[in-house]
Every structure is written in structure tokens, then in C-alpha cells.
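Notes for the one structure printed next.
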Amino acid sequence: MSGRLHIPPPFQEREGRLYLDGLDLVEIASRYGTPVYVTSSGRIRENYRRIYSAFKERYDNFSVKYAVKANSNPHIISVLAEEGAGADVSNLNELLIAEKSGIPAKQILMSPNNLSREELAKASSRGVAINFDDIGQMEIISDSLPSLVSFRVNPGIGRGEFPGTVTAGPDAKFGIPEDHVIEAYRKAKDHGVRRFGIQMMTGSNVLDSGYFGAITSKLFDITRRISDHAGIDFEFVDIGGGFGVPYRPDEKALPIDVVAGEVSRGLKDKFASVGKPLPALFVEPGRYLVADSTVLLGRITNVKSYGKTFIGTDVGMNTLLRPALYGAYHPVSIANKLDHEAKITADVVGQICENTDRIALDRRLPDVEEGDILAVFNAGAYGFSMSNQFNGHGKPAEVLVSDGKDKLIRRRENIDDLLQTVVHD
Ligand SMILES: Cc1ncc(COP(=O)(O)O)c(C=O)c1O
């Protein structure tokens, strides 16, 4: 086996170098410096259109609410706003960023988790629908509730790529357990709310196509019980995000047509069987829309080999946290040596004073030297948005590529940015 990486679309190999949309990414790395996240707006549009049409063809009253936490750069949200996406936001700042990026409040659903009454009230006053995570969070703003209210239900089951990305089930901090959710809707009704939705978000990066139909069916059973006992109908049913993307070479893409078919058919049949009008269907993908649109480029700064080989780079857990946080896998290669045979097995590590600062473990790579360019693929979701300033590093730059042109959409942070919020005597 050569050990050479299959370059995932939209990226390409040309004469041993990594390209995107006709642009040489090694040249991009030298022009903008490293580390730099480089995103294809074309790929985001393709991902959006694939999931949107899969559902829309089968379920007319359907919308996509982009989970802006996956990547909240306004230039990237704007691409999705142009496609017609709404937004899933988790707090007031994400809400303001989504609005600034061109998504109107009426297309935004806010799913807060333990926010203050002040923040909740401010969000409500902007006219967004709120999907409360608990009865208490609804009650603290009972005098200023939005007209459309939903609750995040914990259906008792969850699934995710890692234990840390399972967001429902007995141990989850999110949502209201099934047997308490009727009370939530009764109380909201007592506070004068007349328009309702229901939401669940049970976990992230699920590649099992059968899972989404199964949890939707479970959610429908819960809506029935609420309708019967609280006497309400639902304007929307929101099955959350969680649509997986392949990270490892042996993983297959999620067949989104199959997922959309099972979810849509299930909802249509079940609502018809009880003689109720079909509610709107929302999904909240984050990862599915942006993960594979982006490569993170870094520079090799050192190679250390006394037994085990460590490839030192300027990309670490401060730039891309997922490997250290969950043990997540990202494909890596050397952007200026794509046609070189793999000769070494190494851990790719960063500059951070933590032994967990590893981007990739035991990877087969070509011989590398200082100055080579590292490419970390599938870095568009929870990449920049989870980056941090630990060890005095500024956050990386972001570049957007559209129709063969590159544009800086966030400059790299410098020492002044690191000190900006410090109060001087
Ligand atoms: C409420 C909510 N919706 C949507 C998402 C997006 O999940 P994903 O990126 O897996 O699609 C998340 C992620 O944590 C979430 O918390």
C-alpha cells in the first residue's frame, strides 16, 4: 500500500500539490501565512442544495436552520443565507451574528442552554422563536415570551461519534425528559403561548441512515402524547442536526436521500393516521454543511525522531481542538508532497504545553522537513469556532475561496488582540 491519501473533494491534486478551485493552496499558505483555514463556498452551496432538495422533494413545508456554532464567520453564514437557510443559534451573540449575516429573525430558532433571564428576554424581544431546554428557562421570562415557543425534548435515546457528542439519553445535560415535557407545554399555555413547536437534538456525526427515521418516529409518539394531554397542535417538528460526514478513509457518506425519505414518510404517514395537519419540518445541520468545505493549512516546524517520530507544526489543539477533545480523526497530508510515497509513521503535534496536543496519531506520511505545508482535511465544522488563545497564541486566519478567487475573511490575531481586553492601570 502506498499510504497516499485519497484527496477528498472539493480539493484536488495537481502535480503533487494541493489545489482548490484552480488555486494552489501551498501558495495560499505562503501568502496568508499559517495556520490558516481555507474554505470553499462552492462546497458549502453543494452541501446545502443536497440536503435541502433531498427533504424538500419529499416534504414541502421544510426548512434548514444552519447550526451557526459549527462555523460562525459571517462570510460563511452569508453563503448559506443566500441559499435560503435559516439559523439555529444557542445564545444572543450567535443570534446577532446570524442576523448581521443576512438571516432574518423569523428564520431563526434559538436553542438556549442555561442562559440568564436578561439574555433570554433580549433574544425574545428580537422576534425569534425560542426552543427552551427546561421549564425553568421558560418561566424566568414568562412575561416576555416569544409568540412561538418550543421545547427541546430528551427522547431518552441518543447517538454520536464520541461519548462527548451524544446529547440525549439518561446522562445528557440537554432537554426535558419525555415524562416532564407535557407539563412544560401546559405551563407555556398557561402563560398565554398559543403557537408551538417541538425539537430534539440527540447527537452529532451520525452516519447510520436508519437512525434519523427511528428517532423521528419516537418524536412523533411524544407529540401525540403532548397533543392529547395538553390540547395543543404543533406548527413545527425539528429533528435537530447530527447528520454525519465521513472523516476516516473507510467511512461512507450518509445517504441523505434515504434519510429524508424515511423521516418524511414517517411523519406524513403518522400525522395522516391521526387526522392532524402536517407541521413544518426543520433540520439543524452544522457539520453536514461546512465540515468538508475546509482544509486547515499549517507549516512543519520540526521533525523529532528518537524512536517515535513527532512532526512538529504550527497547528495544534489551540487551532483545531477536536482531536484533543474527543480523540477525533482528521485526514492529514503534506500539501506540497502529495505525490511522495509514505515513508514514515508519525504523530502530528503542535506547539502547546499539553501532551494531548496531537492533531493526528500514527499516520503514514512522506519524509517531511521544516517548511513543508500540512493539510488537515474536514476542518470546517467546530474547527475555527472551537479555536482558542491558550499559550498566548492568536487565533488563525480564515480565507474563503469562491469561483476561483481567494479572500481573507478573518485576519490572524496578533499580540495586540491578545492584550486587547486587559485593563491597564
Ligand atoms: C441544538 C443543536 N442543533 C444543531 C446542532 C448541530 O449539530 P451537527 O453539527 O452535528 O449537525 C447542535 C450541535 O451541537 C445543537 O446543539
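Quick note on naming: the chains in the C-alpha cells go A, B, ... in the order shown, residues restart at 1 in each chain, and ligands are numbered from 1 in order of appearance.
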Could you tell me, as number ranges by chain, which residues of stretch 197-377 of chain A DSSP assigns to alpha helix (DSSP H) when given the backbone? A: 209-230, 256-273, 287-290, 322-326
Using only C-alpha atoms and all ligand atoms, which residues have at least one atom no more than 10 Å from ligand 1? Output them as a PyMOL selection string. chain A and resi 65-71+87-90+109-113+131+133+152+160-161+165-167+174-175+199-206+238-245+283-291+381-382
Same residues, N, CA and C atoms, output as a compact mmCIF listing (two decimals), in the first residue's frame:
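Written out: again_13.txt:
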```txt
# COMPACT_ATOMS: atom_id res chain seq x y z
N LYS A 65 -32.19 24.97 9.16
CA LYS A 65 -31.67 26.01 10.08
C LYS A 65 -30.19 25.66 10.32
N TYR A 66 -29.30 26.43 9.72
CA TYR A 66 -27.87 26.15 9.87
C TYR A 66 -27.43 26.36 11.32
N ALA A 67 -26.79 25.37 11.90
CA ALA A 67 -26.29 25.47 13.28
C ALA A 67 -25.01 26.32 13.25
N VAL A 68 -25.15 27.60 13.55
CA VAL A 68 -24.02 28.52 13.31
C VAL A 68 -22.83 28.24 14.23
N LYS A 69 -23.05 27.46 15.30
CA LYS A 69 -21.91 27.14 16.18
C LYS A 69 -20.83 26.37 15.41
N ALA A 70 -21.21 25.67 14.34
CA ALA A 70 -20.23 24.87 13.59
C ALA A 70 -19.17 25.78 12.96
N ASN A 71 -19.60 26.92 12.45
CA ASN A 71 -18.66 27.92 11.93
C ASN A 71 -19.41 29.24 11.83
N ALA A 87 -31.38 29.82 10.65
CA ALA A 87 -30.28 29.52 11.57
C ALA A 87 -30.78 28.92 12.88
N ASP A 88 -29.96 28.02 13.40
CA ASP A 88 -30.10 27.54 14.77
C ASP A 88 -29.00 28.26 15.56
N VAL A 89 -29.41 28.99 16.62
CA VAL A 89 -28.42 29.71 17.44
C VAL A 89 -28.60 29.30 18.89
N SER A 90 -27.52 29.44 19.68
CA SER A 90 -27.64 28.98 21.05
C SER A 90 -27.58 30.11 22.08
N LEU A 109 -34.21 29.96 14.93
CA LEU A 109 -34.71 29.29 16.14
C LEU A 109 -33.56 29.27 17.13
N MET A 110 -33.85 29.76 18.33
CA MET A 110 -32.80 29.80 19.35
C MET A 110 -32.99 28.63 20.32
N SER A 111 -31.92 27.86 20.51
CA SER A 111 -31.96 26.75 21.47
C SER A 111 -30.98 27.06 22.59
N PRO A 112 -31.42 27.79 23.60
CA PRO A 112 -30.50 28.21 24.68
C PRO A 112 -30.25 27.07 25.65
N ASN A 113 -29.14 27.17 26.36
CA ASN A 113 -28.83 26.20 27.40
C ASN A 113 -28.33 26.98 28.61
N ASN A 131 -36.56 27.76 21.63
CA ASN A 131 -36.71 26.34 21.90
C ASN A 131 -36.09 26.08 23.27
N ASP A 133 -34.78 24.71 26.80
CA ASP A 133 -34.12 23.48 27.21
C ASP A 133 -34.67 22.99 28.56
N ARG A 152 -37.09 21.59 23.91
CA ARG A 152 -36.17 20.54 23.48
C ARG A 152 -36.47 19.33 24.33
N GLY A 160 -23.96 9.31 18.93
CA GLY A 160 -22.96 10.29 18.48
C GLY A 160 -21.66 9.56 18.21
N GLU A 161 -20.74 10.25 17.53
CA GLU A 161 -19.47 9.60 17.19
C GLU A 161 -18.63 9.30 18.43
N THR A 165 -20.25 13.59 22.25
CA THR A 165 -21.15 14.20 21.26
C THR A 165 -22.53 13.53 21.26
N VAL A 166 -22.81 12.74 22.29
CA VAL A 166 -24.17 12.21 22.47
C VAL A 166 -24.91 13.24 23.32
N THR A 167 -26.03 13.76 22.81
CA THR A 167 -26.67 14.89 23.50
C THR A 167 -28.10 14.57 23.96
N PHE A 174 -28.87 18.06 28.29
CA PHE A 174 -29.80 18.80 27.44
C PHE A 174 -31.22 18.26 27.51
N GLY A 175 -32.16 19.17 27.33
CA GLY A 175 -33.53 18.77 27.05
C GLY A 175 -34.34 18.38 28.28
N GLN A 199 -38.71 20.15 19.49
CA GLN A 199 -37.38 19.91 18.93
C GLN A 199 -36.67 18.83 19.72
N MET A 200 -35.77 18.11 19.05
CA MET A 200 -34.82 17.23 19.74
C MET A 200 -33.48 17.36 19.03
N MET A 201 -32.41 17.10 19.73
CA MET A 201 -31.07 17.05 19.12
C MET A 201 -30.35 15.99 19.91
N THR A 202 -30.21 14.80 19.32
CA THR A 202 -29.81 13.65 20.14
C THR A 202 -28.33 13.28 20.01
N GLY A 203 -27.61 13.92 19.07
CA GLY A 203 -26.19 13.62 18.98
C GLY A 203 -25.62 14.03 17.65
N SER A 204 -24.30 14.03 17.58
CA SER A 204 -23.63 14.60 16.41
C SER A 204 -22.77 13.58 15.66
N ASN A 205 -22.72 13.77 14.35
CA ASN A 205 -21.94 12.94 13.41
C ASN A 205 -22.41 11.50 13.35
N VAL A 206 -23.69 11.34 13.02
CA VAL A 206 -24.29 10.01 12.91
C VAL A 206 -24.29 9.62 11.42
N ASP A 238 -38.89 19.70 14.80
CA ASP A 238 -37.48 19.95 14.46
C ASP A 238 -36.66 18.76 14.97
N ILE A 239 -36.04 18.04 14.03
CA ILE A 239 -35.32 16.82 14.45
C ILE A 239 -33.83 17.09 14.72
N GLY A 240 -33.43 18.39 14.77
CA GLY A 240 -32.06 18.74 15.14
C GLY A 240 -31.08 18.50 14.00
N GLY A 241 -29.80 18.49 14.35
CA GLY A 241 -28.73 18.24 13.37
C GLY A 241 -28.23 16.82 13.55
N GLY A 242 -26.89 16.68 13.47
CA GLY A 242 -26.29 15.37 13.72
C GLY A 242 -25.97 14.57 12.47
N PHE A 243 -26.32 15.10 11.28
CA PHE A 243 -26.07 14.37 10.03
C PHE A 243 -24.56 14.24 9.83
N GLY A 244 -24.09 13.00 9.74
CA GLY A 244 -22.66 12.76 9.78
C GLY A 244 -21.95 12.96 8.46
N VAL A 245 -20.64 13.15 8.53
CA VAL A 245 -19.78 13.19 7.34
C VAL A 245 -18.63 12.21 7.58
N VAL A 283 -34.67 20.92 10.04
CA VAL A 283 -33.45 20.21 10.44
C VAL A 283 -32.40 21.28 10.75
N GLU A 284 -31.42 20.94 11.60
CA GLU A 284 -30.42 21.92 12.06
C GLU A 284 -29.00 21.42 11.80
N PRO A 285 -28.64 21.17 10.55
CA PRO A 285 -27.28 20.66 10.32
C PRO A 285 -26.20 21.72 10.52
N GLY A 286 -25.12 21.35 11.13
CA GLY A 286 -23.95 22.21 11.22
C GLY A 286 -22.85 21.53 10.41
N ARG A 287 -22.38 20.42 10.96
CA ARG A 287 -21.26 19.67 10.36
C ARG A 287 -21.52 19.32 8.88
N TYR A 288 -22.73 18.84 8.59
CA TYR A 288 -23.02 18.37 7.24
C TYR A 288 -22.79 19.47 6.20
N LEU A 289 -23.06 20.70 6.59
CA LEU A 289 -22.97 21.81 5.63
C LEU A 289 -21.54 22.31 5.45
N VAL A 290 -20.76 22.31 6.52
CA VAL A 290 -19.47 23.01 6.42
C VAL A 290 -18.22 22.15 6.63
N ALA A 291 -18.34 20.94 7.19
CA ALA A 291 -17.11 20.19 7.58
C ALA A 291 -16.16 20.00 6.41
N ALA A 381 -16.05 22.27 10.36
CA ALA A 381 -17.06 22.28 11.42
C ALA A 381 -16.39 22.15 12.77
N TYR A 382 -16.70 23.04 13.68
CA TYR A 382 -16.13 23.02 15.03
C TYR A 382 -14.60 23.08 14.96
```
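Interatomic distance, atom CA of A:Glu119 to atom CA of A:Arg195: 21.7 Å.
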If you run DSSP on the backbone, which residues of stretch 233-347 of chain A are strand (DSSP E or B), as a PyMOL selection string? chain A and resi 236-238+243+280-283+294-306+308-313+332-334+344-347
Extract, using only C-alpha atoms, all DNA, RNA and protein residues at most 12 Å from A:Lys308, discarding same-chain residues fewer than 6 positions from it, and format them as number ranges by chain. A: 344-348, 361-363
